[in-house]
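Trainee: Starting off with a structure, shown below.
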Amino acid sequence: MRSVGIDDLEPGMILGADLLHAGRMLLPAGSVITSSNIVFFQRQGIGDVKVLSSPLAEPDEESANMAFRYVRDYFMFVNHDHPAIMKMFDIAVHRAAVQIMEGWKLPTYEEQTVTELEDMRDLFFRDEGKVEDVVDAEIKIASFPDIFFKVKKVVDDPSASAQEIAAVVGLDVGISAQLLKLVNSPLYGFPSKIDSLTRAVALVGSKELCTLALGLSTISYFKDIPPELIDMRTFWLHSLTCGVFAKIISEKVDGVVPEVMFTAGLLHDVGRLIIFKKMPCSSIQAMLYARENFIPLVEAEEMTLGFNHEHVAKDMLGKWNFPSELTDIISHHHSPQDAESKIQATILQVADNLTNAIEISNGGMYVLPGIEDGAWELLGIDAACLSSIVEEYDHQIEDLFQVFFT
């Protein structure tokens, strides 16, 4: 156990002794320290804390070599000299090597294919329709949850009180329960339990909490995707992972709202879900083309469909009257230099790439889409911090997964 100054404290460190301040418990020994904890400690005037070291498993040489050969195919499309990409590659190789050493069998070709769908038809063939047709066909047959519009209305009202916001959010029992689970999760790391929405609004912020509610209400909309087309748990785990990475990264960049980035990460691939629903056969073709040729899925969509999930998300979110900033970020996460919110869109692009990188060791089948030239530099952070970001994610994801899927 060693004493670490507050300025040297890093997410992922383990608290070695109960942290007390002014006679009350702030955090018990054994807790994994998060970015939110560190900010809270600073506000409380904590000078230093006692932490334990957390040893990392080191793979053997054979496992490391196997992992290197396996992982490199997933980085074929990207710039190998990019500092962030280089770091992601190292992270992916190490995680895959540890998995191999512990008995993970590399996926076979057959496992990387999908089941053919019968009795499913696309809305139209390539060049016979456009993005607007896909979105309009979806809007005509399904209505968006009422809670979305009620929450959005209170978000847009600058005079709304914490009690009024809590009352509106509380109209949907499922979403309000998920919100309370979320703010009590390691994602925030509050020292005591938050047992009311009013308290959550006071601690997290009214617009921030409502932004999270918008994201949760959007998830509830997508319930009828055919299971033989896509495993929705896998899809939402990917989205949740991206959201967590986006939030952690955003906490290192000035002027960015973490809740906006978490929600953007959670919803960054909603355009894909609309394509799945309206063009299932073409979706399969795009997925197979991406896997077989080791190109990013977004590129395979362009080749197969003539458009991609960014374009669909932009039109859909616009017609749902989604907050303009969220729409801009989500619809430019593969093209952040074209976004109005360039820094936020870049954070989401980095988070998406990092998500794909760590998924390789869990059987992920898609290559990294890459980071646009000049985008990473906008963030002003060092690529080395990606390791601590992944460590913090590892300590959060299991509990967060339970929030969303139980």
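The way I read the labels, and the way they are meant: chains A, B, ... in the order of the structure tokens, residue 1 as the first residue of every chain, and ligand 1 as the first ligand shown, with later ones counted on from there.
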Can you list every residue in region 17-211 of chain A that DSSP puts in alpha helix (DSSP H), as number ranges by chain?
Mentor: A: 35-44, 61-72, 83-101, 131-141, 146-155, 162-169, 173-183, 197-204, 206-211
Trainee: Go ahead and write the residues just picked, C-alpha atoms, as a CSV table (one decimal), in the first residue's frame.
Mentor:
```csv
chain,number,residue,atom,x,y,z
A,35,SER,CA,-12.5,9.8,-12.7
A,36,SER,CA,-15.7,11.0,-10.9
A,37,ASN,CA,-14.2,9.9,-7.6
A,38,ILE,CA,-11.1,11.9,-8.3
A,39,VAL,CA,-13.1,15.1,-9.1
A,40,PHE,CA,-15.1,14.6,-6.0
A,41,PHE,CA,-12.0,14.2,-3.8
A,42,GLN,CA,-10.5,17.4,-5.3
A,43,ARG,CA,-13.7,19.3,-4.4
A,44,GLN,CA,-13.5,18.0,-0.9
A,61,GLU,CA,5.4,-15.4,-25.8
A,62,GLU,CA,3.5,-18.0,-27.8
A,63,SER,CA,0.1,-16.4,-26.9
A,64,ALA,CA,1.5,-12.9,-27.6
A,65,ASN,CA,2.7,-14.0,-31.1
A,66,MET,CA,-0.7,-15.6,-31.9
A,67,ALA,CA,-2.5,-12.5,-30.7
A,68,PHE,CA,-0.3,-10.3,-32.8
A,69,ARG,CA,-1.0,-12.3,-36.0
A,70,TYR,CA,-4.7,-12.4,-35.3
A,71,VAL,CA,-5.2,-8.7,-34.3
A,72,ARG,CA,-3.2,-7.1,-37.1
A,83,PRO,CA,-0.2,7.4,-32.0
A,84,ALA,CA,-3.7,6.6,-30.8
A,85,ILE,CA,-4.1,3.7,-33.2
A,86,MET,CA,-0.7,2.3,-32.2
A,87,LYS,CA,-1.8,2.4,-28.6
A,88,MET,CA,-5.1,0.7,-29.4
A,89,PHE,CA,-3.2,-2.0,-31.3
A,90,ASP,CA,-1.0,-2.7,-28.3
A,91,ILE,CA,-4.1,-2.9,-26.0
A,92,ALA,CA,-5.9,-5.2,-28.4
A,93,VAL,CA,-2.9,-7.5,-28.7
A,94,HIS,CA,-2.3,-7.7,-25.0
A,95,ARG,CA,-6.0,-8.4,-24.3
A,96,ALA,CA,-6.2,-11.1,-27.0
A,97,ALA,CA,-3.0,-12.7,-25.8
A,98,VAL,CA,-4.3,-12.9,-22.2
A,99,GLN,CA,-7.5,-14.5,-23.5
A,100,ILE,CA,-5.6,-17.0,-25.6
A,101,MET,CA,-3.3,-17.9,-22.7
A,131,VAL,CA,-32.1,7.3,-47.1
A,132,GLU,CA,-35.3,9.3,-46.7
A,133,ASP,CA,-37.3,6.3,-48.0
A,134,VAL,CA,-35.8,4.0,-45.3
A,135,VAL,CA,-36.6,6.5,-42.5
A,136,ASP,CA,-40.1,7.4,-43.7
A,137,ALA,CA,-41.0,3.8,-44.0
A,138,GLU,CA,-40.0,3.3,-40.3
A,139,ILE,CA,-41.8,6.4,-39.1
A,140,LYS,CA,-45.0,5.4,-40.8
A,141,ILE,CA,-45.4,2.1,-38.9
A,146,ASP,CA,-44.3,9.6,-25.5
A,147,ILE,CA,-41.8,9.9,-22.6
A,148,PHE,CA,-39.2,11.1,-25.1
A,149,PHE,CA,-41.2,14.2,-26.1
A,150,LYS,CA,-42.2,14.9,-22.5
A,151,VAL,CA,-38.6,14.8,-21.4
A,152,LYS,CA,-37.5,16.9,-24.3
A,153,LYS,CA,-40.1,19.5,-23.5
A,154,VAL,CA,-38.8,19.9,-19.9
A,155,VAL,CA,-35.2,19.9,-21.2
A,162,ALA,CA,-35.5,19.7,-10.2
A,163,GLN,CA,-38.9,18.5,-8.8
A,164,GLU,CA,-40.7,19.2,-12.1
A,165,ILE,CA,-38.0,17.4,-14.1
A,166,ALA,CA,-38.0,14.4,-11.7
A,167,ALA,CA,-41.8,14.3,-12.0
A,168,VAL,CA,-41.7,14.1,-15.8
A,169,VAL,CA,-38.9,11.6,-15.9
A,173,VAL,CA,-41.2,3.7,-14.3
A,174,GLY,CA,-38.7,1.6,-16.3
A,175,ILE,CA,-36.6,4.6,-17.4
A,176,SER,CA,-36.6,6.3,-14.0
A,177,ALA,CA,-35.5,3.0,-12.4
A,178,GLN,CA,-32.7,2.6,-15.0
A,179,LEU,CA,-31.6,6.2,-14.4
A,180,LEU,CA,-31.3,5.7,-10.7
A,181,LYS,CA,-29.3,2.5,-11.3
A,182,LEU,CA,-27.1,4.4,-13.7
A,183,VAL,CA,-26.3,7.3,-11.3
A,197,LEU,CA,-34.7,11.4,-9.1
A,198,THR,CA,-34.8,14.9,-7.5
A,199,ARG,CA,-31.5,14.1,-5.8
A,200,ALA,CA,-30.1,12.7,-9.0
A,201,VAL,CA,-31.1,15.9,-10.9
A,202,ALA,CA,-29.3,18.0,-8.2
A,203,LEU,CA,-26.1,16.0,-8.4
A,204,VAL,CA,-25.9,15.2,-12.1
A,206,SER,CA,-31.1,18.7,-15.0
A,207,LYS,CA,-30.1,18.8,-18.7
A,208,GLU,CA,-27.5,16.1,-18.1
A,209,LEU,CA,-30.0,13.7,-16.5
A,210,CYS,CA,-32.6,14.5,-19.2
A,211,THR,CA,-30.0,13.7,-21.9
```
Trainee: Show which residues sit within 9 Å of Gln349 (chain A), as a ChimeraX atom specification. Count only C-alpha atoms, and ignore same-chain residues fewer than 2 positions away.
Mentor: /A:246,332-336,344-347,351-354,369-372
Trainee: Give me, please, the distance in Å between CA of Leu266 (chain A) and CA of Gly243 (chain A), quoted to one decimal.
Mentor: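 Interatomic distance here is 4.9 Å.
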Trainee: Could you list, as a VMD selection string, every residue within 12 Å of Leu27 (chain A), counting only C-alpha atoms and ignoring same-chain residues fewer than 2 positions away?
Mentor: chain A and resid 14 to 21 24 to 25 29 to 34 37 to 38 40 to 41 49 to 51 189 to 193
Trainee: Sorted by chain and rising residue number, which residues of region 137-249 of chain A lie within 10 Å of region 389-392 of chain A, and what are their closest atom pairs and distances in Å to one decimal, counting only C-alpha atoms, as a Markdown table?
Mentor:
```
| residue | atom | partner | partner_atom | distance |
| --- | --- | --- | --- | --- |
| A:Pro186 | CA | A:Glu392 | CA | 9.4 |
| A:Leu187 | CA | A:Glu392 | CA | 9.3 |
| A:Val244 | CA | A:Glu392 | CA | 9.4 |
| A:Phe245 | CA | A:Ile389 | CA | 7.2 |
| A:Ala246 | CA | A:Ile389 | CA | 9.9 |
| A:Ile248 | CA | A:Ile389 | CA | 6.6 |
| A:Ile249 | CA | A:Ile389 | CA | 7.3 |
```
Trainee: Please identify the strand (DSSP E or B) residues within region 12-185 of chain A (assignment by DSSP from backbone atoms) and present them as a list in words.
Mentor: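 Residues meeting the strand (DSSP E or B) criterion: Ile14, Leu15, Leu19, Leu20, His21, Arg24, Met25, Leu26, Leu27, Val32, Asp48, Val49, Lys50, Val51 and Leu52 of chain A.
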Trainee: Next, the residues of the selection above should be written as a PDB file, in the first residue's frame with C-alpha atoms.
Mentor:
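Generated output (part_31.pdb):
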```pdb
ATOM      1  CA  ILE A  14      -7.651   0.488  -5.866  1.00  0.00           C
ATOM      2  CA  LEU A  15      -8.237   2.230  -2.547  1.00  0.00           C
ATOM      3  CA  LEU A  19     -11.152   7.170   2.953  1.00  0.00           C
ATOM      4  CA  LEU A  20     -12.587   9.350   5.683  1.00  0.00           C
ATOM      5  CA  HIS A  21     -13.124  13.101   5.635  1.00  0.00           C
ATOM      6  CA  ARG A  24     -17.669  10.580   7.366  1.00  0.00           C
ATOM      7  CA  MET A  25     -16.870   7.767   4.993  1.00  0.00           C
ATOM      8  CA  LEU A  26     -16.188   8.902   1.444  1.00  0.00           C
ATOM      9  CA  LEU A  27     -15.154   5.566  -0.037  1.00  0.00           C
ATOM     10  CA  VAL A  32     -11.863   1.018  -7.678  1.00  0.00           C
ATOM     11  CA  ASP A  48      -3.601  12.200  -0.766  1.00  0.00           C
ATOM     12  CA  VAL A  49      -5.036   8.689  -0.534  1.00  0.00           C
ATOM     13  CA  LYS A  50      -3.638   5.219   0.099  1.00  0.00           C
ATOM     14  CA  VAL A  51      -3.877   2.835  -2.862  1.00  0.00           C
ATOM     15  CA  LEU A  52      -2.972  -0.735  -3.743  1.00  0.00           C
TER      16      LEU A  52
END
```
Trainee: Give me the residues within 9 Å of Glu301 (chain A) as a PyMOL selection string, counting only C-alpha atoms and dropping any in the same chain fewer than 5 places off.
Mentor: chain A and resi 282-283+285-287+289-290+296+306-309
Trainee: Rounded to one decimal, what separation in Å do you get between CA of Asn293 (chain A) and CA of Ala375 (chain A)?
Mentor: 26.1 Å
Trainee: What gap, in Å, lies between CA of Asp73 (chain A) and CA of Phe294 (chain A)?
Mentor: 7.0 Å
